[in-house]
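Shown next: data11.cif, given as mmCIF, C-alpha atoms.
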data_upload
loop_
_atom_site.label_atom_id
_atom_site.label_comp_id
_atom_site.auth_asym_id
_atom_site.auth_seq_id
_atom_site.Cartn_x
_atom_site.Cartn_y
_atom_site.Cartn_z
CA MET B 1 212.99 42.76 123.75
CA ARG B 2 211.85 39.49 122.21
CA TYR B 3 208.76 37.41 123.05
CA LEU B 4 208.69 33.63 123.31
CA PHE B 5 205.43 31.68 123.13
CA PHE B 6 205.69 27.96 123.84
CA ASP B 7 203.57 24.86 124.27
CA ILE B 8 204.19 21.22 125.23
CA GLU B 9 202.53 17.91 124.45
CA CYS B 10 203.08 14.84 126.62
CA ALA B 11 202.78 11.12 126.03
CA ASP B 12 200.49 10.57 129.00
CA GLY B 13 199.04 14.03 129.58
CA ASN B 14 201.05 14.44 132.78
CA LYS B 15 204.72 13.84 131.99
CA ALA B 16 207.00 12.35 129.31
CA ILE B 17 207.26 15.28 126.88
CA CYS B 18 206.84 14.27 123.24
CA GLU B 19 206.57 17.73 121.62
CA PHE B 20 208.06 21.12 122.41
CA GLY B 21 206.91 23.94 120.14
CA PHE B 22 207.73 27.62 120.25
CA VAL B 23 207.36 30.87 118.38
CA LEU B 24 209.98 33.58 118.89
CA CYS B 25 209.04 37.08 117.75
CA ASP B 26 210.04 40.72 118.09
CA GLU B 27 208.10 43.52 119.79
CA GLN B 28 205.91 43.97 116.70
CA PHE B 29 205.08 40.24 116.81
CA ARG B 30 207.08 39.61 113.67
CA ILE B 31 208.21 36.01 113.76
CA ILE B 32 211.93 35.40 114.19
CA LYS B 33 211.70 31.63 114.51
CA LYS B 34 209.05 28.90 114.70
CA THR B 35 210.06 25.39 115.70
CA ASN B 36 208.29 22.16 116.60
CA THR B 37 210.59 19.61 118.22
CA LEU B 38 209.45 16.01 118.45
CA ILE B 39 210.83 14.09 121.42
CA ASN B 40 210.96 10.38 122.14
CA PRO B 41 209.00 10.08 125.43
CA GLU B 42 210.66 6.77 126.26
CA CYS B 43 207.37 5.38 127.50
CA LYS B 44 204.04 4.21 126.17
CA PHE B 45 201.45 6.73 125.07
CA ASN B 46 198.37 6.95 127.29
CA LEU B 47 196.06 9.61 125.89
CA THR B 48 192.82 7.75 125.19
CA GLY B 49 190.40 5.78 127.32
CA ARG B 50 191.48 7.50 130.54
CA THR B 51 188.96 7.61 133.37
CA GLY B 52 187.40 11.05 133.75
CA GLN B 53 189.48 12.61 130.97
CA LYS B 54 188.81 13.41 127.33
CA ASP B 55 190.74 11.57 124.66
CA LEU B 56 193.64 13.57 123.24
CA ILE B 57 194.68 12.96 119.63
CA LEU B 58 198.15 14.18 118.65
CA THR B 59 199.08 15.41 115.18
CA TYR B 60 201.61 12.71 114.48
CA PRO B 61 201.38 8.92 114.79
CA TYR B 62 203.06 7.58 117.90
CA GLU B 63 205.72 5.81 115.85
CA GLU B 64 207.01 9.16 114.61
CA TYR B 65 207.93 10.38 118.09
CA TYR B 66 210.02 7.29 118.81
CA LYS B 67 212.25 8.14 115.82
CA HIS B 68 213.53 11.29 117.56
CA PRO B 69 216.00 11.89 120.41
CA ALA B 70 214.78 11.77 124.01
CA PHE B 71 214.27 14.68 126.42
CA ASP B 72 217.81 14.61 127.79
CA ASP B 73 219.04 15.39 124.27
CA ALA B 74 216.64 18.35 123.92
CA TYR B 75 217.19 19.64 127.48
CA ASP B 76 220.16 21.94 126.76
CA ASN B 77 218.42 23.63 123.83
CA ILE B 78 215.21 24.14 125.80
CA LYS B 79 217.08 25.53 128.79
CA PHE B 80 219.20 27.83 126.61
CA LEU B 81 216.09 29.12 124.81
CA MET B 82 214.11 29.83 127.98
CA THR B 83 216.89 31.49 129.98
CA GLN B 84 217.91 34.07 127.39
CA PRO B 85 218.22 37.73 128.46
CA ASP B 86 215.89 40.35 126.96
CA LEU B 87 213.17 37.75 126.62
CA LEU B 88 209.58 37.62 127.86
CA ILE B 89 207.99 34.16 127.89
CA PHE B 90 204.26 33.53 127.43
CA GLY B 91 202.02 30.48 127.30
CA HIS B 92 198.48 29.29 127.87
CA GLY B 93 197.83 27.28 131.04
CA VAL B 94 201.57 27.39 131.65
CA GLU B 95 201.46 25.75 135.07
CA ASN B 96 200.97 22.46 133.23
CA ASP B 97 203.98 23.15 131.01
CA ILE B 98 206.17 24.09 133.98
CA ARG B 99 205.32 20.77 135.60
CA PHE B 100 205.97 18.85 132.39
CA ILE B 101 209.52 20.20 132.11
CA ILE B 102 210.42 19.71 135.77
CA LYS B 103 208.88 16.24 135.94
CA ASP B 104 210.92 15.17 132.93
CA CYS B 105 214.05 16.66 134.48
CA ASN B 106 213.34 14.58 137.59
CA ARG B 107 212.71 11.30 135.80
CA PRO B 108 215.20 8.67 137.06
CA ILE B 109 216.40 7.97 133.52
CA TYR B 110 217.51 11.61 133.14
CA LYS B 111 218.17 13.24 136.55
CA LEU B 112 218.57 16.69 135.01
CA LYS B 113 218.66 19.92 137.00
CA PRO B 114 215.41 21.91 136.74
CA PHE B 115 216.03 25.50 135.66
CA ASP B 116 214.24 28.69 136.61
CA TYR B 117 212.50 31.22 134.37
CA VAL B 118 209.62 33.68 134.50
CA VAL B 119 206.57 33.03 132.33
CA TYR B 120 203.30 34.93 131.84
CA ASP B 121 200.07 32.96 131.53
CA ILE B 122 197.71 34.28 128.83
CA GLN B 123 194.90 32.28 130.45
CA LYS B 124 195.19 34.44 133.57
CA MET B 125 195.05 37.59 131.42
CA LEU B 126 191.78 36.65 129.77
CA PRO B 127 189.56 37.94 132.64
CA GLU B 128 191.06 41.42 132.18
CA PHE B 129 190.23 41.26 128.48
CA SER B 130 186.76 39.89 129.22
CA ARG B 131 185.87 42.92 131.32
CA LYS B 132 185.67 44.86 128.09
CA ASN B 133 184.67 41.95 125.86
CA SER B 134 182.42 39.71 127.94
CA LYS B 135 181.87 37.23 125.09
CA PHE B 136 185.52 36.10 125.27
CA THR B 137 185.24 33.67 128.16
CA SER B 138 187.93 31.32 126.84
CA LEU B 139 191.05 31.43 124.70
CA GLU B 140 189.31 29.28 122.09
CA LYS B 141 186.41 31.75 121.74
CA ALA B 142 188.84 34.65 121.48
CA PHE B 143 190.84 32.72 118.87
CA LEU B 144 187.75 32.06 116.75
CA GLU B 145 186.64 35.69 116.93
CA LEU B 146 189.92 37.57 116.70
CA VAL B 147 192.05 35.49 114.33
CA PRO B 148 191.19 35.44 110.59
CA GLU B 149 189.72 32.17 109.33
CA HIS B 150 192.41 31.54 106.71
CA ILE B 151 195.06 31.62 109.46
CA ARG B 152 192.99 29.45 111.81
CA ASN B 153 192.54 26.81 109.13
CA GLU B 154 196.30 26.41 108.76
CA LEU B 155 196.77 25.40 112.39
CA LYS B 156 196.34 21.92 113.87
CA ASP B 157 195.10 21.16 117.38
CA HIS B 158 197.64 19.56 119.72
CA ARG B 159 200.58 20.39 117.50
CA ALA B 160 202.77 22.23 119.99
CA VAL B 161 204.12 24.92 117.67
CA ASP B 162 200.63 25.65 116.33
CA ASP B 163 199.21 25.97 119.85
CA ALA B 164 202.09 28.32 120.71
CA TYR B 165 201.36 30.35 117.57
CA LYS B 166 197.66 30.40 118.45
CA THR B 167 198.54 31.85 121.86
CA MET B 168 200.70 34.54 120.22
CA LEU B 169 197.97 35.50 117.75
CA VAL B 170 195.32 35.83 120.45
CA PHE B 171 197.66 37.78 122.76
CA ALA B 172 198.55 40.24 119.98
CA ALA B 173 194.87 40.65 119.10
CA MET B 174 193.94 41.25 122.76
CA LEU B 175 196.56 44.00 123.04
CA LYS B 176 195.33 45.65 119.88
CA ASP B 177 191.71 45.53 120.96
CA LEU B 178 192.49 46.95 124.42
CA GLU B 179 195.03 49.42 123.04
CA PHE B 180 197.49 48.01 125.57
CA SER B 181 201.22 47.54 125.35
CA VAL B 182 202.72 44.26 126.56
CA ASN B 183 203.80 46.01 129.76
CA ASP B 184 200.30 47.45 130.22
CA MET B 185 198.84 43.94 130.13
CA ILE B 186 201.45 42.54 132.50
CA GLU B 187 200.83 45.36 134.97
CA ALA B 188 197.05 44.88 134.69
CA CYS B 189 197.38 41.13 135.34
CA PRO B 190 199.99 40.59 138.09
CA LYS B 191 198.69 37.08 138.78
CA SER B 192 199.73 36.03 135.30
CA LYS B 193 203.41 36.14 136.31
CA ILE B 194 204.76 32.76 137.41
CA MET B 195 208.29 31.89 138.51
CA ALA B 196 208.88 28.26 137.53
CA LEU B 197 210.79 26.89 140.52
CA GLU B 198 208.79 28.88 143.05
CA TYR B 199 205.58 27.50 141.55
CA TRP B 200 207.02 23.97 141.65
CA GLU B 201 207.73 24.23 145.39
CA ARG B 202 204.14 25.32 146.04
CA TYR B 203 202.88 22.52 143.85
CA LYS B 204 204.84 19.89 145.79
CA ALA B 205 203.62 21.30 149.11
CA ASP B 206 200.01 20.99 147.95
CA GLU B 207 200.39 17.41 146.72
CA PRO B 208 198.77 15.74 149.80
CA LEU B 209 195.66 17.90 149.36
CA ARG B 210 195.51 17.10 145.63
CA LYS B 211 195.77 13.38 146.40
CA GLU B 212 192.82 13.65 148.76
CA ARG B 213 190.83 15.52 146.13
CA ARG B 214 191.68 12.94 143.45
CA LYS B 215 190.70 10.17 145.84
CA ALA B 216 187.40 11.92 146.58
CA ARG B 217 186.70 12.42 142.85
CA GLU B 218 187.44 8.78 142.11
CA GLN B 219 185.20 7.66 144.96
CA GLY B 220 182.52 10.01 143.68
CA ARG B 221 182.69 8.41 140.23
CA LYS B 222 182.42 4.95 141.76
CA ASN B 223 179.48 6.01 143.92
CA LYS B 224 177.71 7.50 140.92
CA ALA B 225 178.17 4.28 138.94
CA LYS B 226 176.75 2.27 141.85
CA ARG B 227 173.89 4.73 142.28
CA ASP B 228 173.05 4.58 138.57
CA GLU B 229 172.96 0.79 138.73
CA GLY B 230 170.81 0.97 141.87
CA GLN B 231 168.46 3.40 140.13
CA VAL B 232 167.87 0.79 137.43
CA LEU B 233 166.89 -1.79 140.07
CA TRP B 234 164.65 0.70 141.88
CA GLY B 235 163.20 2.02 138.63
CA GLU B 236 162.05 -1.44 137.58
CA LEU B 237 160.15 -1.76 140.85
CA TYR B 238 158.47 1.65 141.02
CA ARG B 239 157.36 1.46 137.38
CA LYS B 240 155.87 -1.95 138.15
CA HIS B 241 154.07 -0.39 141.14
CA GLU B 242 152.72 2.70 139.36
CA PRO B 243 149.19 1.23 138.99
CA LEU B 244 149.10 0.70 142.77
CA LEU B 245 149.45 4.43 143.41
CA GLU B 246 145.73 4.82 142.66
CA ASP B 247 144.76 1.85 144.86
CA ALA B 248 143.09 2.96 148.11
CA ASN B 249 144.63 -0.02 149.87
CA SER B 250 148.09 1.43 149.18
CA ILE B 251 147.54 4.61 151.17
CA GLY B 252 150.12 4.95 153.91
CA LYS B 253 152.52 2.45 152.33
CA PHE B 254 154.48 4.52 149.77
CA VAL B 255 158.22 3.89 150.16
CA THR B 256 161.09 5.82 148.60
CA VAL B 257 164.82 5.43 149.15
CA SER B 258 167.88 7.64 149.51
CA GLY B 259 170.67 7.84 146.99
CA GLU B 260 172.99 6.09 149.43
CA MET B 261 170.60 3.14 149.55
CA LYS B 262 170.87 2.88 145.76
CA GLU B 263 174.66 2.64 146.08
CA ASN B 264 174.44 -0.44 148.33
CA HIS B 265 173.03 -3.10 146.07
CA GLU B 266 172.85 -5.99 148.52
CA GLU B 267 170.75 -4.00 150.97
CA LEU B 268 168.69 -2.50 148.14
CA LYS B 269 167.84 -5.91 146.70
CA ASN B 270 166.74 -7.11 150.13
CA LEU B 271 164.70 -3.95 150.63
CA ILE B 272 162.96 -4.52 147.28
CA ARG B 273 162.14 -8.07 148.38
CA LEU B 274 160.68 -6.84 151.68
CA ILE B 275 158.61 -4.18 149.91
CA GLU B 276 157.13 -6.80 147.59
CA GLU B 277 156.47 -9.33 150.36
CA ASN B 278 154.90 -6.86 152.79
CA GLY B 279 152.57 -4.98 150.47
CA PHE B 280 154.45 -1.69 150.32
CA VAL B 281 154.52 0.44 147.15
CA ALA B 282 157.74 1.75 145.61
CA TYR B 283 157.64 5.49 144.93
CA ASP B 284 160.33 7.56 143.24
CA ARG B 285 159.84 10.92 144.94
CA ILE B 286 160.35 12.05 148.51
CA ASN B 287 157.38 14.41 148.47
CA GLY B 288 154.25 12.32 148.85
CA SER B 289 155.95 9.21 150.23
CA ASP B 290 155.18 7.71 153.63
CA PHE B 291 158.59 6.22 154.32
CA LEU B 292 162.00 7.44 153.24
CA VAL B 293 164.39 4.53 153.75
CA VAL B 294 168.00 5.60 154.31
CA LEU B 295 171.14 3.53 154.66
CA ASP B 296 172.03 4.24 158.31
CA GLU B 297 171.84 6.82 161.10
CA LYS B 298 174.48 8.99 159.46
CA ASN B 299 172.54 9.04 156.21
CA LYS B 300 169.35 9.82 158.17
CA GLU B 301 170.97 12.83 159.83
CA GLN B 302 172.37 14.11 156.54
CA LEU B 303 169.01 13.89 154.80
CA ALA B 304 167.06 15.34 157.71
CA ASN B 305 169.36 18.38 157.73
CA GLY B 306 169.47 18.67 153.96
CA LEU B 307 165.80 18.52 152.99
CA ARG B 308 164.56 21.84 151.69
CA TYR B 309 161.03 21.41 153.05
CA PRO B 310 159.72 19.59 156.15
CA TYR B 311 159.07 15.92 155.40
CA ALA B 312 155.56 14.73 156.24
CA GLY B 313 156.52 11.05 156.20
CA LYS B 314 158.94 9.08 158.35
CA ILE B 315 162.68 8.83 157.73
CA ILE B 316 163.68 5.29 158.63
CA THR B 317 166.97 3.42 158.36
CA TYR B 318 167.27 0.24 156.34
CA GLN B 319 167.66 -1.81 159.53
CA GLU B 320 164.61 -0.17 161.09
CA PHE B 321 162.59 -1.05 157.97
CA VAL B 322 163.82 -4.66 158.18
CA ASP B 323 162.87 -4.83 161.86
CA MET B 324 159.44 -3.33 161.12
CA CYS B 325 158.76 -5.94 158.45
CA GLU B 326 159.87 -8.81 160.71
CA LYS B 327 157.39 -7.69 163.41
CA LYS B 328 154.44 -7.76 161.03
#
Here is a file; write its structure as structure tokens.
Amino acid sequence: MRYLFFDIECADGNKAICEFGFVLCDEQFRIIKKTNTLINPECKFNLTGRTGQKDLILTYPYEEYYKHPAFDDAYDNIKFLMTQPDLLIFGHGVENDIRFIIKDCNRPIYKLKPFDYVVYDIQKMLPEFSRKNSKFTSLEKAFLELVPEHIRNELKDHRAVDDAYKTMLVFAAMLKDLEFSVNDMIEACPKSKIMALEYWERYKADEPLRKERRKAREQGRKNKAKRDEGQVLWGELYRKHEPLLEDANSIGKFVTVSGEMKENHEELKNLIRLIEENGFVAYDRINGSDFLVVLDEKNKEQLANGLRYPYAGKIITYQEFVDMCEKK
């Protein structure tokens, strides 16, 4: 039996493979072959400045990848390697790598047939290892603890063959520490086994749900940015009003606002104007305020149901506050 550890780098973090690295070894983890294949992604690189994602710096300059053949040239070798008999395949976070290969196969410029294989995810084995060694909560922590420093220093982050080798080193060290065979670990971690094409079908079926989640995350980021900007506007006012908190004439007039109000800048600016013109005092906490101004009835219901303690003041919508000021 031989063991294959592999890793992939992509030009945009989602598809367009630019590096395929692998380590092939025997049952004693003696290396038979180590290879890092650079691939022309046939697209622009997009690995920095992405919204909500960390920048990813590859080992080689982008120009180097364009000097090499494209994925359709590497396809046969990758398929041959990963469909060999008497071979167990391992990786770290392999669901990403499965998608990378199939997405490249499906690119219109290639139209290659995706191939099936079984792969075991070291990431899904880590909880089993952590039951005995609770400090190893991630592959990186296990790598730093279990692999000698002189070997670690030779490896480069985001170089596919080095990441594959890192996975092999950690896996071998985990087995030694647990006194497990490879089969022992596989049996102890059945969820680590993934069939490539079966996983891909599940992934496609879940795509609508993922789109909704991505949409919700993006909206959440936008809302946070608006709320942060609104907090600046509100903060300027309540800091200006801090001396009024000790003024006896201010009793009964403390106003605070909901987060949703801070996201709606036009209404917030008008509210600030009304507070100033009608002698109210801006306050930045719910507890101790007399009025909690919310965006609308929906926001009022959400806050009323979500407050941890009973609110002694009055929850009032923005429109109700406007109407109250106009009647004065």
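Using all atoms listed in the file, the shortest contact distance between Phe129 of chain B and any of B:Cys325, B:Ala160, B:Cys43, B:Ala142 is found at B:Ala142.
For the choices B:Asp162, B:Glu128, B:Asp296, B:Glu64, the atom-to-atom distance to Gly21 of chain B is smallest for B:Asp162 when using only C-alpha atoms.
You can rank B:Phe45, B:Tyr60, B:Phe29, B:Tyr117 by their closest distance to Ile98 of chain B using all atoms listed in the file, and at the top of that list sits B:Tyr117.
Running the PyMOL selection byres ((chain B and resi 12) around 12) on this file leaves Ile8, Glu9, Cys10, Ala11, Gly13, Asn14, Lys15, Ala16, Ile17, Cys18, Glu19, Pro41, Glu42, Cys43, Lys44, Phe45, Asn46, Leu47, Thr48, Gly49, Arg50, Gln53, Asp55, Leu56, Ile57, Leu58, Tyr62 and Phe100 of chain B selected.
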Using all atoms listed in the file, what table do you get, as JSON lines, when you list each residue of segment 74-98 of chain B with an atom no more than 10 Å from segment 166-174 of chain B, its nearest pair of atoms, and their distance in Å rounded to one decimal, rows by chain then rising number?
{"residue": "B:Phe90", "atom": "CA", "partner": "B:Met168", "partner_atom": "CA", "distance": 8.1}
{"residue": "B:Gly91", "atom": "CA", "partner": "B:Thr167", "partner_atom": "CA", "distance": 6.6}
{"residue": "B:His92", "atom": "CA", "partner": "B:Thr167", "partner_atom": "CA", "distance": 6.5}
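Note that the spacing between atom CA of Gly259 of chain B and atom CA of Thr51 of chain B amounts to 22.8 Å.
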Identify the residues around (213.1, 38.9, 124.8) within a radius of 9 Å, measuring from all atoms listed in the file in the coordinates stated by the file, and give them as a ChimeraX atom specification. /B:1-4,24-27,84-89
Can I get the selected residues back with C-alpha atoms, as a PDB file, in the coordinates of the input?
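Output file again_38.pdb follows:
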ATOM      1  CA  MET B   1     212.990  42.760 123.750  1.00  0.00           C
ATOM      2  CA  ARG B   2     211.850  39.490 122.210  1.00  0.00           C
ATOM      3  CA  TYR B   3     208.760  37.410 123.050  1.00  0.00           C
ATOM      4  CA  LEU B   4     208.690  33.630 123.310  1.00  0.00           C
ATOM      5  CA  LEU B  24     209.980  33.580 118.890  1.00  0.00           C
ATOM      6  CA  CYS B  25     209.040  37.080 117.750  1.00  0.00           C
ATOM      7  CA  ASP B  26     210.040  40.720 118.090  1.00  0.00           C
ATOM      8  CA  GLU B  27     208.100  43.520 119.790  1.00  0.00           C
ATOM      9  CA  GLN B  84     217.910  34.070 127.390  1.00  0.00           C
ATOM     10  CA  PRO B  85     218.220  37.730 128.460  1.00  0.00           C
ATOM     11  CA  ASP B  86     215.890  40.350 126.960  1.00  0.00           C
ATOM     12  CA  LEU B  87     213.170  37.750 126.620  1.00  0.00           C
ATOM     13  CA  LEU B  88     209.580  37.620 127.860  1.00  0.00           C
ATOM     14  CA  ILE B  89     207.990  34.160 127.890  1.00  0.00           C
TER      15      ILE B  89
END
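Reported to one decimal place, the separation of atom CA of Lys211 of chain B from atom CA of Asp121 of chain B is 25.0 Å.
Reported to one decimal place, the separation of atom CA of Ile39 of chain B from atom CA of Asp104 of chain B is 11.6 Å.
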May I ask which of the residues B:Tyr283, B:Phe180, B:Pro190, B:Tyr311 is the closest one to Pro243 of chain B, counting only C-alpha atoms? B:Tyr283
Do you know which residues are at most 8 Å from segment 265-279 of chain B counting all atoms listed in the file, after dropping those on the same chain fewer than 6 positions away, and could you put them as an MDAnalysis selection string? chainID B and resid 226 230 233:234 237 250 253 318 322 325
Provide an axis-aligned box for all listed atoms of segment 176-183 of chain B, padding each side by 8 Å; report its centre and its edge lengths in Å to one decimal, as JSON.
{"center_x": 197.8, "center_y": 46.8, "center_z": 124.8, "size_x": 28.1, "size_y": 21.2, "size_z": 25.9}
